[in-house]
Structures are given as C-alpha cells and as structure tokens.
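Participant: My structure is in final_19.tsv, and what it holds is TSV, C-alpha atoms:
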```tsv
chain	number	residue	atom	x	y	z
K	1	MET	CA	-16.64	-65.68	64.62
K	2	VAL	CA	-19.06	-62.89	63.67
K	3	THR	CA	-18.20	-59.55	65.23
K	4	GLN	CA	-20.81	-57.25	66.70
K	5	GLU	CA	-20.33	-54.82	63.82
K	6	GLN	CA	-20.78	-57.57	61.23
K	7	ARG	CA	-23.92	-58.71	63.03
K	8	LYS	CA	-25.31	-55.17	62.89
K	9	ARG	CA	-24.64	-54.97	59.17
K	10	GLN	CA	-26.29	-58.35	58.64
K	11	LEU	CA	-29.39	-57.27	60.56
K	12	ALA	CA	-29.52	-54.02	58.60
K	13	ARG	CA	-29.36	-55.93	55.31
K	14	GLU	CA	-32.13	-58.27	56.43
K	15	LYS	CA	-34.28	-55.32	57.47
K	16	PHE	CA	-33.66	-53.64	54.11
K	17	LEU	CA	-34.63	-56.82	52.24
K	18	ARG	CA	-37.86	-57.10	54.22
K	19	GLN	CA	-38.70	-53.49	53.40
K	20	GLN	CA	-38.02	-54.09	49.71
K	21	GLN	CA	-40.24	-57.17	49.72
K	22	ARG	CA	-43.07	-55.22	51.32
K	23	ARG	CA	-42.70	-52.41	48.79
K	24	THR	CA	-42.61	-54.85	45.88
K	25	SER	CA	-45.73	-56.56	47.18
K	26	ALA	CA	-47.48	-53.20	47.59
K	27	ARG	CA	-46.57	-52.14	44.05
K	28	ARG	CA	-47.82	-55.46	42.67
K	29	LYS	CA	-51.14	-55.04	44.47
K	30	ALA	CA	-51.40	-51.45	43.23
K	31	ARG	CA	-50.81	-52.54	39.63
K	32	MET	CA	-53.47	-55.21	39.92
K	33	ARG	CA	-55.85	-52.72	41.48
K	34	ASN	CA	-55.24	-50.08	38.83
K	35	SER	CA	-55.69	-52.53	35.96
K	36	VAL	CA	-59.15	-53.30	37.31
K	37	ILE	CA	-59.87	-49.66	38.00
K	38	ALA	CA	-58.96	-48.39	34.54
K	39	SER	CA	-61.89	-50.13	32.93
K	40	VAL	CA	-64.52	-49.13	35.38
K	41	LEU	CA	-65.92	-45.63	35.82
K	42	GLY	CA	-67.12	-44.60	32.68
K	43	VAL	CA	-68.50	-44.37	29.39
K	44	ILE	CA	-68.07	-47.71	27.71
K	45	VAL	CA	-67.70	-47.76	23.94
K	46	ILE	CA	-70.99	-48.14	22.08
K	47	GLY	CA	-72.03	-51.77	22.15
K	48	SER	CA	-70.40	-52.52	25.48
K	49	VAL	CA	-71.90	-52.13	28.90
K	50	ALA	CA	-70.24	-50.52	31.89
K	51	LEU	CA	-69.81	-53.07	34.63
K	52	TYR	CA	-67.72	-52.84	37.72
K	53	THR	CA	-67.68	-54.20	41.22
K	54	THR	CA	-67.77	-52.42	44.53
K	55	GLY	CA	-64.60	-50.50	45.29
K	56	VAL	CA	-63.37	-50.52	41.75
K	57	LEU	CA	-64.50	-47.04	40.96
K	58	LYS	CA	-61.75	-45.41	42.84
K	59	ASN	CA	-59.90	-45.56	39.82
K	60	ASP	CA	-62.69	-45.83	39.24
K	61	ASP	CA	-61.86	-46.66	42.57
K	62	ASP	CA	-58.43	-46.72	43.85
K	63	LYS	CA	-58.91	-49.49	46.20
K	64	SER	CA	-56.65	-48.97	49.15
K	65	ASN	CA	-59.25	-46.86	50.93
K	66	ALA	CA	-62.30	-48.55	49.48
K	67	SER	CA	-63.11	-50.45	52.64
K	68	ALA	CA	-62.12	-47.71	55.05
K	69	ASP	CA	-65.00	-45.35	54.44
K	70	VAL	CA	-68.17	-46.89	53.08
K	71	THR	CA	-71.55	-45.20	52.96
K	72	PRO	CA	-74.37	-47.65	53.66
K	73	SER	CA	-76.66	-48.06	50.67
K	74	ALA	CA	-80.28	-49.00	50.51
K	75	SER	CA	-80.83	-52.69	49.96
K	76	ALA	CA	-82.25	-53.92	46.69
K	77	THR	CA	-85.33	-55.23	48.49
K	78	SER	CA	-85.98	-52.24	50.75
K	79	LYS	CA	-85.68	-48.99	48.88
K	80	ALA	CA	-85.73	-45.62	50.55
K	81	PRO	CA	-88.60	-43.32	49.55
K	82	ASP	CA	-88.07	-41.54	46.25
K	83	PRO	CA	-87.26	-37.91	47.14
K	84	CYS	CA	-87.70	-36.61	43.59
K	85	ALA	CA	-90.56	-35.39	41.43
K	86	LYS	CA	-91.93	-36.91	38.25
K	87	PRO	CA	-89.98	-36.07	35.08
K	88	ALA	CA	-91.20	-33.35	32.78
K	89	ALA	CA	-92.86	-34.47	29.57
K	90	GLY	CA	-90.57	-34.73	26.58
K	91	LYS	CA	-88.55	-37.02	24.38
K	92	ILE	CA	-84.86	-37.86	24.54
K	93	LYS	CA	-82.79	-36.68	21.56
K	94	THR	CA	-80.87	-39.42	19.78
K	95	ALA	CA	-78.75	-37.37	17.35
K	96	THR	CA	-75.02	-38.03	17.07
K	97	TRP	CA	-72.20	-36.17	15.34
K	98	LYS	CA	-69.14	-37.42	13.52
K	99	LYS	CA	-66.65	-34.98	15.02
K	100	GLU	CA	-66.13	-32.66	17.94
K	101	PRO	CA	-67.93	-29.34	17.45
K	102	ALA	CA	-65.93	-26.32	16.37
K	103	MET	CA	-64.74	-24.05	19.17
K	104	THR	CA	-67.35	-21.32	19.61
K	105	ILE	CA	-67.07	-20.37	23.27
K	106	ASP	CA	-65.10	-17.39	24.55
K	107	THR	CA	-62.32	-19.08	26.53
K	108	SER	CA	-61.65	-15.87	28.47
K	109	ALA	CA	-65.25	-15.67	29.72
K	110	ALA	CA	-66.98	-17.38	32.62
K	111	TYR	CA	-69.62	-20.00	31.91
K	112	THR	CA	-72.08	-21.78	34.17
K	113	MET	CA	-74.21	-24.87	33.65
K	114	LYS	CA	-77.58	-25.58	35.24
K	115	LEU	CA	-78.95	-29.09	35.44
K	116	ALA	CA	-82.64	-28.71	36.19
K	117	THR	CA	-83.38	-32.17	37.55
K	118	THR	CA	-86.40	-33.86	39.04
K	119	CYS	CA	-84.62	-33.71	42.38
K	120	GLY	CA	-83.72	-30.00	42.22
K	121	ASP	CA	-81.41	-27.66	40.36
K	122	ILE	CA	-77.68	-28.38	40.26
K	123	ASP	CA	-75.69	-25.25	39.38
K	124	ILE	CA	-72.10	-25.64	38.23
K	125	ALA	CA	-69.33	-23.08	37.66
K	126	LEU	CA	-67.43	-24.31	34.62
K	127	LYS	CA	-63.64	-24.19	34.27
K	128	THR	CA	-63.65	-22.67	30.81
K	129	LYS	CA	-60.02	-21.67	30.53
K	130	ALA	CA	-58.68	-24.92	31.98
K	131	ALA	CA	-61.01	-27.24	30.02
K	132	PRO	CA	-62.11	-25.36	26.86
K	133	HIS	CA	-62.84	-28.43	24.71
K	134	THR	CA	-65.01	-29.94	27.43
K	135	VAL	CA	-66.92	-26.73	28.16
K	136	ASN	CA	-67.37	-26.06	24.45
K	137	SER	CA	-68.78	-29.58	23.97
K	138	PHE	CA	-71.25	-29.13	26.82
K	139	ASP	CA	-72.28	-25.75	25.47
K	140	PHE	CA	-72.92	-27.39	22.08
K	141	LEU	CA	-74.78	-30.44	23.43
K	142	ALA	CA	-76.90	-28.44	25.88
K	143	ALA	CA	-77.96	-26.08	23.08
K	144	LYS	CA	-79.05	-29.13	21.06
K	145	GLY	CA	-81.15	-30.41	23.98
K	146	TYR	CA	-78.98	-33.52	24.12
K	147	PHE	CA	-79.18	-33.92	27.91
K	148	ASP	CA	-82.86	-33.02	28.27
K	149	HIS	CA	-85.08	-35.81	29.68
K	150	THR	CA	-82.12	-38.15	30.23
K	151	LYS	CA	-81.67	-40.25	33.36
K	152	CYS	CA	-78.66	-40.20	35.63
K	153	HIS	CA	-78.06	-43.93	35.35
K	154	ARG	CA	-75.47	-44.76	38.01
K	155	LEU	CA	-74.94	-44.01	41.68
K	156	THR	CA	-71.95	-45.37	43.60
K	157	THR	CA	-72.12	-45.42	47.38
K	158	SER	CA	-69.10	-47.57	48.20
K	159	GLY	CA	-65.43	-46.92	47.47
K	160	ILE	CA	-66.16	-43.80	45.45
K	161	TYR	CA	-69.13	-41.50	45.75
K	162	VAL	CA	-70.47	-40.24	42.46
K	163	LEU	CA	-73.63	-39.80	40.43
K	164	GLN	CA	-73.09	-40.49	36.73
K	165	CYS	CA	-75.22	-38.88	34.01
K	166	GLY	CA	-75.10	-37.81	30.38
K	167	ASP	CA	-76.08	-41.00	28.55
K	168	PRO	CA	-79.28	-40.76	26.48
K	169	THR	CA	-79.54	-44.57	26.43
K	170	GLY	CA	-79.59	-44.71	30.23
K	171	ALA	CA	-77.46	-47.86	30.08
K	172	GLY	CA	-73.91	-46.48	30.28
K	173	SER	CA	-73.12	-47.16	26.64
K	174	GLY	CA	-74.25	-43.97	24.92
K	175	GLY	CA	-72.38	-40.98	23.59
K	176	PRO	CA	-72.56	-38.10	21.10
K	177	GLY	CA	-70.62	-39.92	18.36
K	178	TYR	CA	-67.41	-37.98	18.91
K	179	THR	CA	-64.80	-37.81	21.66
K	180	ILE	CA	-62.95	-34.92	23.24
K	181	PRO	CA	-59.41	-34.67	24.60
K	182	ASP	CA	-58.56	-35.04	28.27
K	183	GLU	CA	-57.94	-31.68	29.92
K	184	ASN	CA	-57.01	-30.11	33.24
K	185	LEU	CA	-55.63	-33.32	34.74
K	186	LYS	CA	-53.19	-31.32	36.87
K	187	ASP	CA	-55.91	-29.21	38.44
K	188	THR	CA	-54.82	-27.99	41.87
K	189	SER	CA	-58.01	-29.36	43.39
K	190	LEU	CA	-56.87	-32.93	42.70
K	191	LYS	CA	-54.59	-33.38	45.66
K	192	GLY	CA	-53.42	-36.71	47.03
K	193	GLY	CA	-55.32	-38.74	44.45
K	194	ILE	CA	-58.64	-37.26	45.56
K	195	TYR	CA	-61.47	-35.88	43.47
K	196	PRO	CA	-63.05	-33.64	46.12
K	197	ALA	CA	-66.75	-33.38	46.82
K	198	GLY	CA	-68.27	-30.77	44.54
K	199	THR	CA	-66.27	-31.78	41.46
K	200	ILE	CA	-67.88	-32.51	38.09
K	201	ALA	CA	-65.65	-34.55	35.77
K	202	MET	CA	-65.79	-36.50	32.52
K	203	ALA	CA	-66.25	-40.24	32.43
K	204	ASN	CA	-64.28	-42.20	29.83
K	205	THR	CA	-63.51	-45.72	28.65
K	206	GLY	CA	-60.29	-46.00	30.64
K	207	GLN	CA	-58.26	-44.91	27.61
K	208	LYS	CA	-56.90	-41.45	26.91
K	209	HIS	CA	-59.05	-38.87	25.14
K	210	THR	CA	-62.23	-40.97	25.11
K	211	GLY	CA	-64.60	-38.60	26.89
K	212	GLY	CA	-67.94	-38.08	25.18
K	213	SER	CA	-71.09	-36.86	26.92
K	214	GLN	CA	-71.10	-38.86	30.16
K	215	PHE	CA	-69.96	-37.12	33.31
K	216	PHE	CA	-69.99	-37.72	37.04
K	217	LEU	CA	-70.82	-35.51	40.00
K	218	VAL	CA	-68.79	-36.15	43.16
K	219	TYR	CA	-70.87	-35.84	46.34
K	220	LYS	CA	-68.13	-37.04	48.73
K	221	ASP	CA	-64.33	-37.04	48.43
K	222	SER	CA	-63.40	-39.95	46.17
K	223	THR	CA	-60.02	-41.55	45.50
K	224	LEU	CA	-59.50	-41.74	41.74
K	225	PRO	CA	-56.54	-41.51	39.40
K	226	ALA	CA	-56.14	-38.12	37.72
K	227	SER	CA	-57.41	-39.34	34.36
K	228	TYR	CA	-60.91	-37.87	34.34
K	229	THR	CA	-61.18	-34.25	33.18
K	230	PRO	CA	-62.40	-32.05	36.06
K	231	PHE	CA	-64.30	-29.22	34.38
K	232	GLY	CA	-66.45	-27.54	37.01
K	233	THR	CA	-67.43	-26.98	40.62
K	234	ILE	CA	-70.89	-27.71	41.99
K	235	SER	CA	-72.68	-25.04	44.03
K	236	ALA	CA	-73.61	-25.51	47.69
K	237	SER	CA	-77.30	-25.79	46.79
K	238	GLY	CA	-76.41	-28.35	44.11
K	239	MET	CA	-74.54	-30.40	46.69
K	240	LYS	CA	-77.68	-30.54	48.83
K	241	VAL	CA	-79.52	-32.02	45.87
K	242	LEU	CA	-76.74	-34.57	45.30
K	243	ASN	CA	-76.70	-35.61	48.94
K	244	LYS	CA	-80.47	-36.09	48.85
K	245	ILE	CA	-80.07	-38.38	45.86
K	246	ALA	CA	-77.24	-40.30	47.53
K	247	ALA	CA	-79.23	-40.72	50.75
K	248	ALA	CA	-81.92	-42.62	48.82
K	249	GLY	CA	-79.31	-45.25	47.85
K	250	GLU	CA	-78.92	-47.38	44.76
K	251	SER	CA	-80.90	-50.30	43.42
K	252	THR	CA	-78.55	-53.26	43.91
K	253	GLY	CA	-77.57	-52.82	47.55
K	254	ALA	CA	-73.98	-53.56	46.49
K	255	GLY	CA	-72.82	-49.96	46.27
K	256	ASP	CA	-73.11	-49.51	42.50
K	257	GLY	CA	-76.33	-49.37	40.53
K	258	ALA	CA	-79.16	-47.20	39.31
K	259	PRO	CA	-80.16	-44.59	41.88
K	260	ASN	CA	-83.34	-45.29	43.82
K	261	ALA	CA	-84.22	-41.65	43.35
K	262	THR	CA	-85.80	-40.78	40.00
K	263	VAL	CA	-82.98	-38.56	38.76
K	264	VAL	CA	-83.84	-37.10	35.37
K	265	ILE	CA	-82.32	-34.00	33.82
K	266	ASN	CA	-85.40	-32.11	32.66
K	267	LYS	CA	-83.20	-29.48	31.01
K	268	ALA	CA	-79.51	-28.61	30.85
K	269	THR	CA	-78.40	-25.08	29.98
K	270	VAL	CA	-74.97	-23.51	29.63
K	271	THR	CA	-74.79	-19.74	30.07
K	272	LYS	CA	-72.04	-17.22	29.45
K	273	SER	CA	-71.71	-14.85	32.39
```
Could you write out this file's structure as structure tokens?
Facilitator:
Amino acid sequence: MVTQEQRKRQLAREKFLRQQQRRTSARRKARMRNSVIASVLGVIVIGSVALYTTGVLKNDDDKSNASADVTPSASATSKAPDPCAKPAAGKIKTATWKKEPAMTIDTSAAYTMKLATTCGDIDIALKTKAAPHTVNSFDFLAAKGYFDHTKCHRLTTSGIYVLQCGDPTGAGSGGPGYTIPDENLKDTSLKGGIYPAGTIAMANTGQKHTGGSQFFLVYKDSTLPASYTPFGTISASGMKVLNKIAAAGESTGAGDGAPNATVVINKATVTKS
C-alpha cells in the first residue's frame, strides 16, 4: 500500500519530469529558431543573396516575440505615398580593398556620422572607444565616398524593426572587399536580448567577424542575439526620419523587403568632434 508521503514524492517526481520535458522542448525550439536566425540579417557573402522570412530577423529575429508585436506594413499592391525626395545626381563608387584600413582615428576622441538621405538627415553619435575598428572603417569608407548615392535596400516591419543600408549593389550582397572584427557585443544598452530603438549596428553573414560595410538602423526595439556590433546611437531627429521611412512600409507586404520610400544616402560624412 502506498503511503501518503510516498504518494507526495511520486507526484513531485512526476511534476519535475513534466517541467523537464517542457524545458527540453523549449530549448529544442530555441535551437531551431536560432539556426534559422543566424543566417538572416545581414550581409551575405558576395555571390549570395540575403533571403529570410518574416520573424527570422530577430536573430535576425529571435522568434519568441515575433508574433507578439507586429507593425502593419503596406501591401505590395497598395503602397503608401513616397515621403522622400529624389536622389541627388551622382554615381555609386564600386572600389573594393583587400584588407581592413589601417587605424587612423583617435580612439580617445568623439566622432559623429551624418547620413544625408533623400528622406532627411540621420545624425549618429559613434561609439569610438568601444568599437574602434568599426568606426575607423566607416571613417575610411565615408572619406572615399563609398556610401554616397547608395540605396538602403531592406526594411523589416515584422519581428524586428530595422532599415538596412551600406551595400553599393543595392541587393544585399555587396561589401568593401574586407571584413572587420566584431566589437562591443557586451554593450550595456543590449539588455534582455534587445537592440533598442536608436541603435546602429553592423550586419554580417551570421559568422563571427564578417562585418563589412552593411549596417542596420533600429527604429523600434528589436529582439536579436548579441552578435551584431552596436557602434552608435541615432539622434532624436534621425529617429523621426527613420519612423517616416518605416511608416511608408516595404514592397512585399510580408514584413521584409525594399522600403517603399526612396531611401538613398546622398552623402555620408564622419566628423571628429
């Protein structure tokens, strides 16, 4: 005959086993989600094309919250009015370099970047000390006119909320020919797996140290793994420009596509304060 105490222990064991099963199932789902996510956000190696589905960009989309907070996007057949001006005249530079540029910035100084876009100016305070390789690369590329006249080719409005730019090809496959190391992945702003609105960070291939020239601007808190170098903070006026772009939606109606707004960087400049 089973005593009351034995019955209690049996029930406790059964409860524990159920908890373990739920945790194992959750971990399995997380692994599956992250394996999808790792390949998504970013710069894809030359010759490949970035392609991901809605919700994947949390890790490029950490999926658990992907369906909880979705911003409606314009449908592919009914675009919102274009809120941006015509691009300035000029040609896109196609130069590439074999290796990362030598360090020329003053890592103890403050640097800012201005993206003068067709939709308005986006001013960014750069995190020079925390991400010196990244800031140095942007200083180098901006001085070469690398970003001038380039389109911001991707807008995500579901799962994660970012505008991606920095690819002269406009297809998600371009880069400067060199890569830079990941930096500042323990930035205090990245709390709870969130890249907060106002962050500018590097895109990559999903592998370590594969950042090039592509970057993304976060217009709304986005759940992403801490594997994308955060290297600056967007100004309040810049956020207004980003929100205007986001409000116009993206071209597919599925939450990930080219922005409906004509977002072109007329000129990018990096300035030492």
Participant: Quick check, in Å to one decimal: how far apart do CA of Pro81 (chain K) and CA of Ala236 (chain K) lie?
Facilitator: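 Straight-line distance from CA of Pro81 (chain K) to CA of Ala236 (chain K) works out to 23.4 Å.
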Participant: Just the number, please: distance in Å from CA of His153 (chain K) to CA of Phe138 (chain K), one decimal.
Facilitator: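 For CA of His153 (chain K) relative to CA of Phe138 (chain K), the distance reads 18.4 Å.
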Participant: Please list as a PyMOL selection string every residue within 7 Å of Pro181 (chain K), counting all atoms listed in the file and excluding residues in the same chain fewer than 2 positions away.
Facilitator: chain K and resi 179+183+209-211
Participant: Just checking: using all atoms listed in the file, which residue out of K:Thr104, K:Pro230, K:Thr96, K:Gly253 ends up closest to Thr188 (chain K)?
Facilitator: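 Residue with the minimum atom-to-atom distance to Thr188 (chain K): K:Pro230.
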Participant: Applying 10 Å and all atoms listed in the file, which residues near Lys272 (chain K) remain after dropping the ones on its own chain fewer than 4 positions away? List them as a list in words.
Facilitator: Ile105, Asp106, Ala109, Ala110, Tyr111, Thr112, Met113, Leu126 and Asp139 of chain K
Participant: Between CA of Asp167 (chain K) and CA of Val241 (chain K), what is the spacing in Å?
Facilitator: 19.8 Å
Participant: Considering all atoms listed in the file, can you say which of K:Asn243, K:Thr233, K:Ser227, K:Asn184 comes closest to Gly206 (chain K)?
Facilitator: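 Between K:Asn243, K:Thr233, K:Ser227, K:Asn184, the residue approaching Gly206 (chain K) most closely is K:Ser227.
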Participant: Find the spatial neighbours of Ala85 (chain K), counting all atoms listed in the file, within a cut-off of 9 Å - ignore same-chain residues fewer than 6 positions away - and output them as a list in words.
Facilitator: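 The contact residues come out as Thr117, Thr118, Cys119, Gly120, Thr262 and Val263 of chain K.
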Participant: Can you pull out the residues contacting Gly177 (chain K)? Cut-off 9 Å, using only C-alpha atoms, and skip same-chain residues under 5 positions away; I want them as a PyMOL selection string.
Facilitator: chain K and resi 95-100+212
Participant: Taking (-74.9, -29.1, 45.5) in the coordinates of the supplied file, I want to know which residues reach to within 12 Å of it, counting all atoms listed in the file; could you give the answer as JSON, numbers by chain?
Facilitator: {"K": [114, 115, 119, 120, 121, 122, 123, 124, 125, 163, 197, 198, 199, 200, 217, 218, 219, 220, 233, 234, 235, 236, 237, 238, 239, 240, 241, 242, 243, 244, 245, 246]}
Participant: Kindly indicate which residue among K:Lys267, K:Lys191, K:Lys208, K:His149 lies nearest to Ala89 (chain K), using only C-alpha atoms for the distances.
Facilitator: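 Using only C-alpha atoms, the shortest distance to Ala89 (chain K) belongs to K:His149.
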Participant: Which is closer to Pro132 (chain K) than all the others in K:Ile180, K:Ile160, K:Leu190, K:Ala268, using all atoms listed in the file?
Facilitator: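 Using all atoms listed in the file, the shortest distance to Pro132 (chain K) belongs to K:Ile180.
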